[in-house]
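Visitor: my_file32.cif is reproduced in full below (mmCIF, C-alpha atoms).
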data_my_file
#
loop_
_atom_site.label_atom_id
_atom_site.label_comp_id
_atom_site.auth_asym_id
_atom_site.auth_seq_id
_atom_site.Cartn_x
_atom_site.Cartn_y
_atom_site.Cartn_z
CA MET A 1 -6.75 -87.44 86.89
CA THR A 2 -9.24 -86.46 84.20
CA GLU A 3 -12.73 -85.44 85.14
CA SER A 4 -15.59 -87.72 84.08
CA PRO A 5 -17.62 -86.20 81.26
CA ARG A 6 -20.96 -84.70 82.23
CA PRO A 7 -23.95 -86.74 81.08
CA THR A 8 -25.94 -85.53 78.12
CA VAL A 9 -29.01 -83.63 79.25
CA THR A 10 -32.21 -83.74 77.23
CA PRO A 11 -34.34 -80.66 77.94
CA ALA A 12 -37.59 -81.29 79.77
CA PRO A 13 -40.37 -82.14 77.30
CA HIS A 14 -43.56 -80.10 77.33
CA TRP A 15 -46.47 -82.37 78.16
CA PRO A 16 -49.87 -80.72 77.74
CA GLY A 17 -51.01 -79.62 81.18
CA MET A 18 -47.65 -80.54 82.68
CA ASP A 19 -47.81 -80.27 86.46
CA LYS A 20 -46.11 -77.12 87.77
CA THR A 21 -44.01 -79.17 90.15
CA PHE A 22 -42.61 -81.20 87.26
CA GLN A 23 -42.07 -78.01 85.27
CA LEU A 24 -39.75 -76.94 88.06
CA LEU A 25 -37.98 -80.29 87.93
CA GLY A 26 -37.46 -79.69 84.23
CA ALA A 27 -35.76 -76.39 85.00
CA LEU A 28 -33.41 -78.13 87.43
CA CYS A 29 -32.58 -81.20 85.35
CA ASP A 30 -29.35 -79.65 84.02
CA GLY A 31 -27.76 -80.19 87.42
CA GLU A 32 -26.76 -76.52 87.76
CA ALA A 33 -27.69 -74.20 90.62
CA HIS A 34 -30.72 -71.95 90.01
CA SER A 35 -31.57 -69.10 92.34
CA GLY A 36 -35.00 -68.95 93.91
CA ALA A 37 -35.45 -65.45 92.51
CA ALA A 38 -34.63 -66.57 88.95
CA LEU A 39 -36.96 -69.56 89.20
CA ALA A 40 -39.74 -67.38 90.60
CA ALA A 41 -39.34 -64.96 87.68
CA GLN A 42 -39.24 -67.83 85.17
CA PHE A 43 -42.52 -69.30 86.41
CA GLY A 44 -44.21 -66.06 87.40
CA VAL A 45 -44.72 -67.03 91.04
CA SER A 46 -43.35 -66.03 94.42
CA ARG A 47 -40.17 -67.45 95.92
CA ALA A 48 -42.37 -69.04 98.60
CA ALA A 49 -44.25 -70.91 95.86
CA ILE A 50 -40.93 -72.15 94.45
CA TRP A 51 -39.92 -73.38 97.90
CA GLU A 52 -43.23 -75.25 98.23
CA ARG A 53 -42.68 -76.97 94.87
CA ILE A 54 -39.11 -77.85 95.87
CA GLU A 55 -40.48 -79.48 99.02
CA ARG A 56 -43.05 -81.44 96.96
CA LEU A 57 -40.27 -82.72 94.72
CA ARG A 58 -38.20 -83.71 97.75
CA ALA A 59 -41.22 -85.56 99.12
CA LEU A 60 -41.29 -87.55 95.85
CA GLY A 61 -37.64 -88.46 96.42
CA ALA A 62 -35.91 -85.89 94.18
CA ASP A 63 -32.40 -85.24 95.54
CA ILE A 64 -32.43 -81.41 95.62
CA TYR A 65 -30.28 -79.33 97.93
CA ALA A 66 -29.82 -75.64 98.59
CA VAL A 67 -26.48 -74.09 97.65
CA THR A 68 -25.66 -71.06 99.78
CA GLY A 69 -25.70 -67.92 97.67
CA LYS A 70 -26.60 -69.84 94.49
CA GLY A 71 -30.02 -71.44 94.93
CA TYR A 72 -31.41 -74.92 94.34
CA GLN A 73 -29.56 -77.75 92.61
CA LEU A 74 -30.18 -81.41 91.82
CA ALA A 75 -27.53 -83.79 93.10
CA ARG A 76 -26.89 -84.86 89.50
CA ALA A 77 -28.13 -83.88 86.06
CA PHE A 78 -30.51 -86.22 84.26
CA GLU A 79 -32.35 -86.43 80.99
CA PHE A 80 -36.07 -86.91 80.74
CA LEU A 81 -37.27 -90.09 79.10
CA SER A 82 -37.90 -89.67 75.39
CA PRO A 83 -39.64 -92.15 73.04
CA GLN A 84 -37.43 -91.02 70.16
CA ALA A 85 -34.19 -91.24 72.17
CA ILE A 86 -35.13 -94.79 73.17
CA GLN A 87 -36.07 -95.83 69.64
CA ASP A 88 -32.83 -94.41 68.26
CA ARG A 89 -30.95 -96.92 70.44
CA LEU A 90 -33.01 -100.01 69.58
CA THR A 91 -31.55 -102.74 67.40
CA PRO A 92 -33.20 -103.55 64.06
CA ALA A 93 -34.59 -106.76 65.60
CA SER A 94 -36.17 -104.82 68.47
CA LEU A 95 -37.60 -102.19 66.15
CA ALA A 96 -39.23 -104.95 64.14
CA ALA A 97 -40.73 -106.59 67.23
CA LEU A 98 -41.80 -103.56 69.27
CA SER A 99 -44.25 -100.71 68.87
CA ALA A 100 -43.13 -97.14 69.52
CA PRO A 101 -42.72 -96.82 73.30
CA THR A 102 -45.16 -94.74 75.33
CA VAL A 103 -43.69 -92.34 77.90
CA SER A 104 -45.89 -90.74 80.55
CA LEU A 105 -45.01 -88.02 82.99
CA SER A 106 -46.87 -89.64 85.88
CA VAL A 107 -49.11 -92.73 86.08
CA ASP A 108 -50.35 -94.97 88.84
CA SER A 109 -48.46 -97.99 87.49
CA THR A 110 -47.06 -98.77 84.04
CA ASN A 111 -48.04 -102.42 84.56
CA GLN A 112 -51.57 -101.36 85.37
CA ARG A 113 -51.81 -99.19 82.25
CA LEU A 114 -50.94 -102.16 80.02
CA LEU A 115 -53.13 -104.61 81.93
CA GLU A 116 -56.14 -102.36 81.44
CA ALA A 117 -55.38 -102.15 77.71
CA ILE A 118 -55.57 -105.92 77.19
CA PRO A 119 -59.37 -106.21 76.77
CA GLY A 120 -59.34 -103.58 74.03
CA GLY A 121 -56.65 -105.09 71.85
CA ASN A 122 -53.28 -106.74 71.46
CA ILE A 123 -50.51 -105.21 73.61
CA HIS A 124 -47.79 -107.46 72.21
CA GLY A 125 -44.58 -105.48 71.85
CA GLN A 126 -45.93 -102.36 73.57
CA ALA A 127 -43.60 -100.71 76.08
CA TRP A 128 -44.81 -98.15 78.60
CA LEU A 129 -42.50 -95.99 80.70
CA ALA A 130 -43.12 -93.24 83.23
CA GLU A 131 -41.10 -90.52 84.89
CA PHE A 132 -42.97 -91.21 88.12
CA GLN A 133 -45.39 -93.85 89.38
CA THR A 134 -47.85 -92.94 92.10
CA ALA A 135 -48.64 -96.60 92.83
CA GLY A 136 -45.63 -98.52 91.57
CA ARG A 137 -45.60 -102.03 92.99
CA GLY A 138 -43.21 -104.90 93.37
CA ARG A 139 -43.52 -108.58 94.11
CA ARG A 140 -45.65 -109.57 97.14
CA GLY A 141 -47.49 -106.24 96.91
CA ASP A 142 -44.52 -104.18 98.08
CA ARG A 143 -44.40 -100.55 97.01
CA TRP A 144 -41.68 -99.75 94.45
CA LEU A 145 -40.05 -96.38 95.22
CA ALA A 146 -38.62 -94.63 92.17
CA PRO A 147 -37.91 -90.90 92.50
CA PRO A 148 -38.30 -88.73 89.39
CA GLY A 149 -35.16 -88.85 87.26
CA ALA A 150 -33.49 -91.51 89.43
CA ALA A 151 -34.76 -94.79 87.98
CA VAL A 152 -36.21 -96.53 84.96
CA CYS A 153 -39.69 -97.98 85.36
CA LEU A 154 -40.94 -99.77 82.28
CA SER A 155 -43.51 -102.37 81.40
CA LEU A 156 -43.60 -104.51 78.27
CA GLY A 157 -46.57 -106.43 76.92
CA TRP A 158 -45.92 -109.79 75.28
CA ARG A 159 -48.21 -112.46 73.84
CA PHE A 160 -47.43 -116.17 73.72
CA ASP A 161 -49.74 -117.76 71.16
CA VAL A 162 -48.57 -121.16 72.39
CA PRO A 163 -47.47 -120.68 76.02
CA PRO A 164 -44.30 -122.64 76.89
CA ARG A 165 -44.86 -125.57 79.24
CA ASP A 166 -42.52 -123.93 81.76
CA LEU A 167 -44.11 -120.47 81.59
CA SER A 168 -43.71 -120.22 85.37
CA ALA A 169 -39.96 -119.79 84.78
CA LEU A 170 -40.48 -116.66 82.70
CA SER A 171 -39.40 -114.35 85.53
CA LEU A 172 -36.02 -116.11 85.65
CA ALA A 173 -35.47 -115.68 81.91
CA VAL A 174 -36.49 -112.03 82.21
CA GLY A 175 -34.00 -111.62 85.05
CA ILE A 176 -31.25 -112.94 82.80
CA ALA A 177 -32.31 -110.48 80.09
CA VAL A 178 -32.23 -107.52 82.49
CA ALA A 179 -28.81 -108.58 83.79
CA ASN A 180 -27.50 -108.82 80.23
CA GLY A 181 -28.96 -105.43 79.35
CA LEU A 182 -27.29 -103.78 82.35
CA GLN A 183 -23.98 -105.54 81.76
CA ALA A 184 -24.04 -104.28 78.17
CA LEU A 185 -23.97 -100.76 79.64
CA GLY A 186 -20.91 -101.57 81.75
CA ALA A 187 -22.45 -102.73 85.05
CA ALA A 188 -20.13 -105.57 86.04
CA GLY A 189 -20.98 -107.93 88.87
CA VAL A 190 -24.78 -108.02 88.49
CA ARG A 191 -26.22 -111.18 90.04
CA LEU A 192 -29.68 -112.80 90.20
CA LYS A 193 -31.59 -113.70 93.36
CA TRP A 194 -34.38 -116.18 92.77
CA PRO A 195 -36.97 -115.56 91.52
CA ASN A 196 -36.88 -111.95 90.30
CA ASP A 197 -34.37 -109.64 92.02
CA LEU A 198 -31.11 -108.32 90.61
CA LEU A 199 -28.29 -107.57 93.01
CA LEU A 200 -25.11 -105.53 92.86
CA ALA A 201 -22.61 -106.23 95.64
CA GLY A 202 -25.40 -107.98 97.53
CA ARG A 203 -27.76 -105.00 97.36
CA LYS A 204 -30.97 -104.75 95.33
CA LEU A 205 -30.39 -103.04 92.01
CA ALA A 206 -33.55 -103.97 90.11
CA GLY A 207 -36.78 -105.90 90.45
CA ILE A 208 -39.23 -107.66 88.16
CA LEU A 209 -43.01 -108.05 88.39
CA ILE A 210 -44.79 -110.24 85.85
CA GLU A 211 -48.58 -110.31 85.60
CA MET A 212 -50.47 -112.43 83.10
CA ARG A 213 -53.86 -112.88 81.51
CA SER A 214 -54.57 -116.15 79.75
CA GLU A 215 -57.33 -117.97 77.92
CA LEU A 216 -58.06 -121.55 78.94
CA GLY A 217 -56.00 -123.72 76.61
CA GLY A 218 -55.20 -120.70 74.45
CA PRO A 219 -52.86 -117.72 74.12
CA CYS A 220 -51.34 -115.97 77.13
CA THR A 221 -50.53 -112.28 77.44
CA VAL A 222 -48.02 -111.13 80.02
CA VAL A 223 -47.08 -107.70 81.28
CA ILE A 224 -43.45 -107.59 82.35
CA GLY A 225 -42.61 -104.78 84.75
CA VAL A 226 -38.97 -103.85 85.34
CA GLY A 227 -37.67 -101.27 87.78
CA VAL A 228 -33.98 -100.34 87.77
CA ASN A 229 -32.28 -97.92 90.15
CA VAL A 230 -30.07 -95.59 88.14
CA ALA A 231 -29.07 -92.90 90.66
CA VAL A 232 -31.07 -93.18 93.87
CA GLY A 233 -30.04 -90.83 96.68
CA GLU A 234 -29.34 -91.72 100.29
CA ASP A 235 -32.60 -90.21 101.58
CA VAL A 236 -34.65 -92.59 99.45
CA ARG A 237 -32.41 -95.57 100.24
CA ALA A 238 -33.08 -94.94 103.93
CA GLN A 239 -36.83 -95.40 103.30
CA ILE A 240 -36.37 -98.90 101.87
CA ASP A 241 -36.24 -101.88 104.21
CA GLN A 242 -33.33 -103.58 102.44
CA PRO A 243 -29.88 -102.59 101.12
CA VAL A 244 -30.23 -100.74 97.80
CA ALA A 245 -27.82 -100.31 94.89
CA SER A 246 -27.86 -98.03 91.84
CA LEU A 247 -26.15 -98.16 88.47
CA ALA A 248 -24.29 -95.06 89.64
CA ASP A 249 -22.52 -97.33 92.17
CA ALA A 250 -21.01 -99.31 89.29
CA ILE A 251 -20.78 -96.81 86.43
CA GLN A 252 -19.58 -93.21 86.62
CA PRO A 253 -21.09 -91.19 85.23
CA PRO A 254 -24.20 -93.40 85.16
CA PRO A 255 -25.70 -94.06 81.72
CA SER A 256 -28.64 -91.99 80.56
CA ARG A 257 -32.01 -93.45 81.43
CA ASN A 258 -32.93 -93.55 77.75
CA ALA A 259 -29.86 -95.72 77.12
CA VAL A 260 -30.86 -97.96 80.04
CA ALA A 261 -34.42 -98.31 78.75
CA ALA A 262 -33.24 -99.17 75.23
CA SER A 263 -30.68 -101.70 76.46
CA LEU A 264 -33.35 -103.42 78.55
CA LEU A 265 -35.79 -103.55 75.63
CA ASN A 266 -33.11 -104.92 73.29
CA ALA A 267 -32.24 -107.68 75.75
CA LEU A 268 -35.87 -108.47 76.55
CA THR A 269 -36.89 -108.78 72.91
CA GLY A 270 -34.33 -111.44 72.08
CA THR A 271 -34.88 -113.29 75.35
CA LEU A 272 -38.66 -113.44 75.00
CA GLN A 273 -38.43 -114.72 71.44
CA ARG A 274 -35.94 -117.38 72.54
CA PHE A 275 -38.06 -118.34 75.54
CA ALA A 276 -41.15 -118.75 73.34
CA ALA A 277 -39.25 -121.11 71.04
CA GLN A 278 -37.12 -123.09 73.52
CA GLY A 279 -38.48 -122.54 77.04
CA PHE A 280 -36.32 -122.14 80.13
CA ALA A 281 -34.05 -125.04 79.18
CA ALA A 282 -32.21 -122.64 76.89
CA PHE A 283 -31.31 -120.44 79.88
CA THR A 284 -30.24 -122.82 82.64
CA ASP A 285 -26.51 -122.24 82.03
CA ASP A 286 -27.07 -118.48 81.99
CA TRP A 287 -28.85 -118.66 85.34
CA LEU A 288 -26.08 -120.77 86.83
CA ALA A 289 -23.50 -118.14 85.84
CA LEU A 290 -25.50 -115.34 87.51
CA ASP A 291 -27.01 -117.14 90.52
CA ALA A 292 -26.32 -115.18 93.73
CA LEU A 293 -27.57 -117.96 96.04
CA ALA A 294 -26.08 -121.22 94.74
CA GLY A 295 -24.04 -123.03 97.35
CA ARG A 296 -24.98 -120.62 100.13
CA PRO A 297 -27.09 -121.12 103.29
CA VAL A 298 -30.63 -119.80 102.83
CA SER A 299 -34.03 -119.70 104.47
CA LEU A 300 -37.23 -119.90 102.44
CA SER A 301 -40.41 -118.55 104.02
CA LEU A 302 -43.57 -120.44 103.05
CA PRO A 303 -47.13 -119.91 104.33
CA ASP A 304 -46.92 -122.96 106.59
CA ARG A 305 -43.21 -123.30 107.39
CA THR A 306 -39.69 -121.99 106.97
CA VAL A 307 -37.20 -124.10 105.04
CA ILE A 308 -33.55 -123.99 106.11
CA GLY A 309 -30.84 -125.39 103.86
CA ILE A 310 -28.26 -124.81 101.14
CA ALA A 311 -29.34 -123.33 97.80
CA ARG A 312 -28.48 -125.60 94.89
CA GLY A 313 -29.57 -123.55 91.89
CA VAL A 314 -32.77 -124.17 89.92
CA ASP A 315 -34.18 -127.10 87.95
CA ALA A 316 -35.16 -127.21 84.29
CA ASN A 317 -38.52 -125.60 85.13
CA GLY A 318 -37.01 -122.76 87.18
CA LEU A 319 -37.94 -124.21 90.57
CA LEU A 320 -35.59 -123.31 93.43
CA LEU A 321 -33.55 -126.25 94.68
CA ILE A 322 -32.60 -126.39 98.36
CA GLU A 323 -30.64 -129.15 100.02
CA VAL A 324 -32.39 -129.90 103.33
CA ASP A 325 -30.80 -132.44 105.67
CA GLY A 326 -29.01 -134.13 102.78
CA ARG A 327 -32.00 -134.34 100.42
CA LEU A 328 -32.90 -132.03 97.54
CA GLU A 329 -36.28 -130.28 97.59
CA SER A 330 -37.78 -128.00 94.91
CA PHE A 331 -39.96 -124.95 95.43
CA MET A 332 -42.14 -122.92 93.07
CA ALA A 333 -42.69 -119.91 95.33
CA GLY A 334 -41.65 -118.35 98.61
CA HIS A 335 -39.49 -115.57 99.97
CA VAL A 336 -35.84 -116.61 100.08
CA ARG A 337 -33.01 -114.87 101.89
CA LEU A 338 -29.42 -115.58 102.78
CA ARG A 339 -28.96 -116.80 106.33
CA GLU A 340 -26.86 -114.37 108.27
CA ASP A 341 -26.42 -116.79 111.19
CA ALA A 342 -24.70 -119.47 109.07
#
Let me see the structure of the file written as C-alpha cells.
Guide:
Amino acid sequence: MTESPRPTVTPAPHWPGMDKTFQLLGALCDGEAHSGAALAAQFGVSRAAIWERIERLRALGADIYAVTGKGYQLARAFEFLSPQAIQDRLTPASLAALSAPTVSLSVDSTNQRLLEAIPGGNIHGQAWLAEFQTAGRGRRGDRWLAPPGAAVCLSLGWRFDVPPRDLSALSLAVGIAVANGLQALGAAGVRLKWPNDLLLAGRKLAGILIEMRSELGGPCTVVIGVGVNVAVGEDVRAQIDQPVASLADAIQPPPSRNAVAASLLNALTGTLQRFAAQGFAAFTDDWLALDALAGRPVSLSLPDRTVIGIARGVDANGLLLIEVDGRLESFMAGHVRLREDA
C-alpha cells in the first residue's frame, strides 16, 4: 500500500504585530515535532512560556500533542490561508466577478466585518476570510467553533440590484453551491438539510449564515457566511452538541484550505449570478438530488408548536414541505430534525 502524499505546507505569513501565540502556531504548521528547547530558542523565551502558548492554542481548539523525547506536534500539517493562493485557483469568471480576497489572522466575525463595511461603500464581490474568529456565529445565534488551521470561515458580499422575488430561498441555492464546491474537491456523499446545513454521513460538515441589508423597493446587499470543517479534532467535536464531520473524513489527505476556499468561491459566483437571473426555480432539481430529509420522518420546532410529519422536499420558493396527517403544509422557518423515534 502506498502512503498518501503529505499536503503542501505554505509557511506562516508574517502579519504586522502577529500575536506570539499564532507565531508559535506558524512554527508548528509543518506537522513535524519541535522540541520545547528549540522553540524557546527560536522565540527567545523560556520553555515555560512556550508551554503557556501551547496551552492557549489548545484552548482555541488546535490539536497539539506532546511527543515523548521529541517535543510538540500538530496532529496534521496545514497551510495558512493566502489571498494569492486562493486567487491562483479561481476561474476566469470568478476573477472577473470578485475583488481580491481579504485574509485576517483573527477577527470577531467575517460576516460582521463585511456588514460594517456596507455603509461606506459597495461590498459586492468582496470575500473575507480569517484564520480564527473570536465571535463566529451560526444560525439561531449559535456559536460557530472553528479551530485555527482546521476549518475555512469565509464571508462573501453580494448585491442584487433587482432582488429576486424568492430571495428568501437564497440560503438553499447557496447550500447547493457549497455542496458542488466540496464535491468538486472529491467529497462524495454531501447532502443538504433544510435550510442551510450540509451533512456528510448524517453529520454536520458545513453551515451557512446569510445576513442582508436592503433599501425599500430597491437594491439588496447580502453577506453570505460559510463555515466548512476541514480537519476538526475529536476534542473540538466533543464540545459541539451535534455529530460533526470534516472533509478529512471523506478525503485523505484533506485538500488545502486555500483550495477549499477557492472552490467555494468559484461555485458561489456562478450560483449567485444564476440565482439573480432565474431565481430558485433554476435550482429545484439540484435541491431534490441533494435533499437529506425528503421522504423521512421529521419534527419542525416553531415558536408556538411542533410539527410532526414526513418531509416532502421544498416548493418553488424554497419553503419546506411536510406531509401532516395526509395533507401538505409549507414552512418558511423553524428548526427541523429527523425523528429518531420513527
Visitor: Name all residues at most 10 Å from Leu272 (chain A) (count all atoms listed in the file; drop same-chain ones fewer than 5 positions away) and give them as an MDAnalysis selection string.
Guide: chainID A and resid 158:160 170 173:174 177 267 277:279
Visitor: Could you please take those selected residues and save C-alpha atoms as a compact mmCIF listing (two decimals), in the coordinates of the input?
Guide:
# COMPACT_ATOMS: atom_id res chain seq x y z
CA TRP A 158 -45.92 -109.79 75.28
CA ARG A 159 -48.21 -112.46 73.84
CA PHE A 160 -47.43 -116.17 73.72
CA LEU A 170 -40.48 -116.66 82.70
CA ALA A 173 -35.47 -115.68 81.91
CA VAL A 174 -36.49 -112.03 82.21
CA ALA A 177 -32.31 -110.48 80.09
CA ALA A 267 -32.24 -107.68 75.75
CA ALA A 277 -39.25 -121.11 71.04
CA GLN A 278 -37.12 -123.09 73.52
CA GLY A 279 -38.48 -122.54 77.04
Visitor: Just how far from CA of Pro195 (chain A) is CA of Gly207 (chain A), in Å to one decimal?
Guide: 9.7 Å
Visitor: Take the PyMOL selection byres ((chain A and resi 226) around 12), apply it to the structure above, and return the hits as JSON, numbers by chain.
Guide: {"A": [109, 110, 111, 127, 128, 129, 130, 136, 137, 138, 139, 144, 146, 151, 152, 153, 154, 155, 156, 157, 171, 174, 175, 177, 178, 179, 181, 196, 197, 198, 205, 206, 207, 208, 209, 210, 211, 223, 224, 225, 227, 228, 229, 260, 261, 264, 265, 268]}
Visitor: Using CA of Gly202 (chain A) and CA of Ile86 (chain A) as the two end points, give the distance in Å to one decimal.
Guide: 29.4 Å
Visitor: Taking the file above as input, evaluate the PyMOL selection byres ((chain A and resi 231) around 9) and report the hits as a PyMOL selection string.
Guide: chain A and resi 76+149-151+229-230+232-233+245-249+254
Visitor: Can you spell out as an mmCIF file with C-alpha atoms, keeping the file's coordinate frame the set of residues that the PyMOL selection byres ((chain A and resi 221) around 12) selects in the structure I just provided?
Guide:
data_model
loop_
_atom_site.group_PDB
_atom_site.id
_atom_site.type_symbol
_atom_site.label_atom_id
_atom_site.label_comp_id
_atom_site.auth_asym_id
_atom_site.auth_seq_id
_atom_site.Cartn_x
_atom_site.Cartn_y
_atom_site.Cartn_z
ATOM 1 C CA LEU A 114 -50.940 -102.160 80.020
ATOM 2 C CA LEU A 115 -53.130 -104.610 81.930
ATOM 3 C CA ALA A 117 -55.380 -102.150 77.710
ATOM 4 C CA ILE A 118 -55.570 -105.920 77.190
ATOM 5 C CA PRO A 119 -59.370 -106.210 76.770
ATOM 6 C CA GLY A 121 -56.650 -105.090 71.850
ATOM 7 C CA ASN A 122 -53.280 -106.740 71.460
ATOM 8 C CA ILE A 123 -50.510 -105.210 73.610
ATOM 9 C CA HIS A 124 -47.790 -107.460 72.210
ATOM 10 C CA GLY A 125 -44.580 -105.480 71.850
ATOM 11 C CA GLN A 126 -45.930 -102.360 73.570
ATOM 12 C CA LEU A 156 -43.600 -104.510 78.270
ATOM 13 C CA GLY A 157 -46.570 -106.430 76.920
ATOM 14 C CA TRP A 158 -45.920 -109.790 75.280
ATOM 15 C CA ARG A 159 -48.210 -112.460 73.840
ATOM 16 C CA PHE A 160 -47.430 -116.170 73.720
ATOM 17 C CA ASP A 161 -49.740 -117.760 71.160
ATOM 18 C CA VAL A 162 -48.570 -121.160 72.390
ATOM 19 C CA PRO A 163 -47.470 -120.680 76.020
ATOM 20 C CA LEU A 167 -44.110 -120.470 81.590
ATOM 21 C CA ILE A 210 -44.790 -110.240 85.850
ATOM 22 C CA GLU A 211 -48.580 -110.310 85.600
ATOM 23 C CA MET A 212 -50.470 -112.430 83.100
ATOM 24 C CA ARG A 213 -53.860 -112.880 81.510
ATOM 25 C CA SER A 214 -54.570 -116.150 79.750
ATOM 26 C CA GLU A 215 -57.330 -117.970 77.920
ATOM 27 C CA GLY A 218 -55.200 -120.700 74.450
ATOM 28 C CA PRO A 219 -52.860 -117.720 74.120
ATOM 29 C CA CYS A 220 -51.340 -115.970 77.130
ATOM 30 C CA VAL A 222 -48.020 -111.130 80.020
ATOM 31 C CA VAL A 223 -47.080 -107.700 81.280
ATOM 32 C CA ILE A 224 -43.450 -107.590 82.350
#
Visitor: For Val314 (chain A), which residue among A:Met332, A:Val67, A:Ile176, A:Ile54 is the nearest when counting all atoms listed in the file?
Guide: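 Of A:Met332, A:Val67, A:Ile176, A:Ile54, the one nearest Val314 (chain A), counting all atoms listed in the file, is A:Met332.
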Visitor: Residues at most 6 Å from Leu74 (chain A), counting all atoms listed in the file, excluding those fewer than 3 positions away in the same chain, as a compact mmCIF listing (two decimals) with C-alpha atoms, keeping the file's coordinate frame?
Guide:
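Here's the written file around-v5.txt:
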# COMPACT_ATOMS: atom_id res chain seq x y z
CA GLY A 31 -27.76 -80.19 87.42
CA ASP A 63 -32.40 -85.24 95.54
CA ILE A 64 -32.43 -81.41 95.62
Visitor: What lies within 7 Å of Ser330 (chain A) using only C-alpha atoms, ignoring chain neighbours under 2 positions off, as a PyMOL selection string?
Guide: chain A and resi 319-322+328+332
Visitor: Which is closer to Ile251 (chain A) than all the others in A:Pro147, A:Ala188, A:Glu55, A:Val107, using only C-alpha atoms?
Guide: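 Checking each of A:Pro147, A:Ala188, A:Glu55, A:Val107 against Ile251 (chain A), counting only C-alpha atoms, the winner is A:Ala188.
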Visitor: Go ahead and compute the interatomic distance for CA of Asn266 (chain A) and CA of Ser94 (chain A), in Å to one decimal.
Guide: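 About the pair CA of Asn266 (chain A) and CA of Ser94 (chain A): they are 5.7 Å apart.
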Visitor: Please determine, counting all atoms listed in the file, which residue among A:Leu338, A:Arg305, A:Ser256, A:Asp315 has the shortest atom-to-atom distance to Leu293 (chain A).
Guide: A:Leu338
Visitor: Considering only C-alpha atoms, return as a tab-separated table (two decimals) with C-alpha atoms, in the frame of the given file whatever protein or nucleic-acid residues lie within 9 Å of Arg89 (chain A), sequence-local ones (same chain, fewer than 6 positions apart) excluded.
Guide:
chain	number	residue	atom	x	y	z
A	258	ASN	CA	-32.93	-93.55	77.75
A	259	ALA	CA	-29.86	-95.72	77.12
A	262	ALA	CA	-33.24	-99.17	75.23
A	263	SER	CA	-30.68	-101.70	76.46
A	266	ASN	CA	-33.11	-104.92	73.29
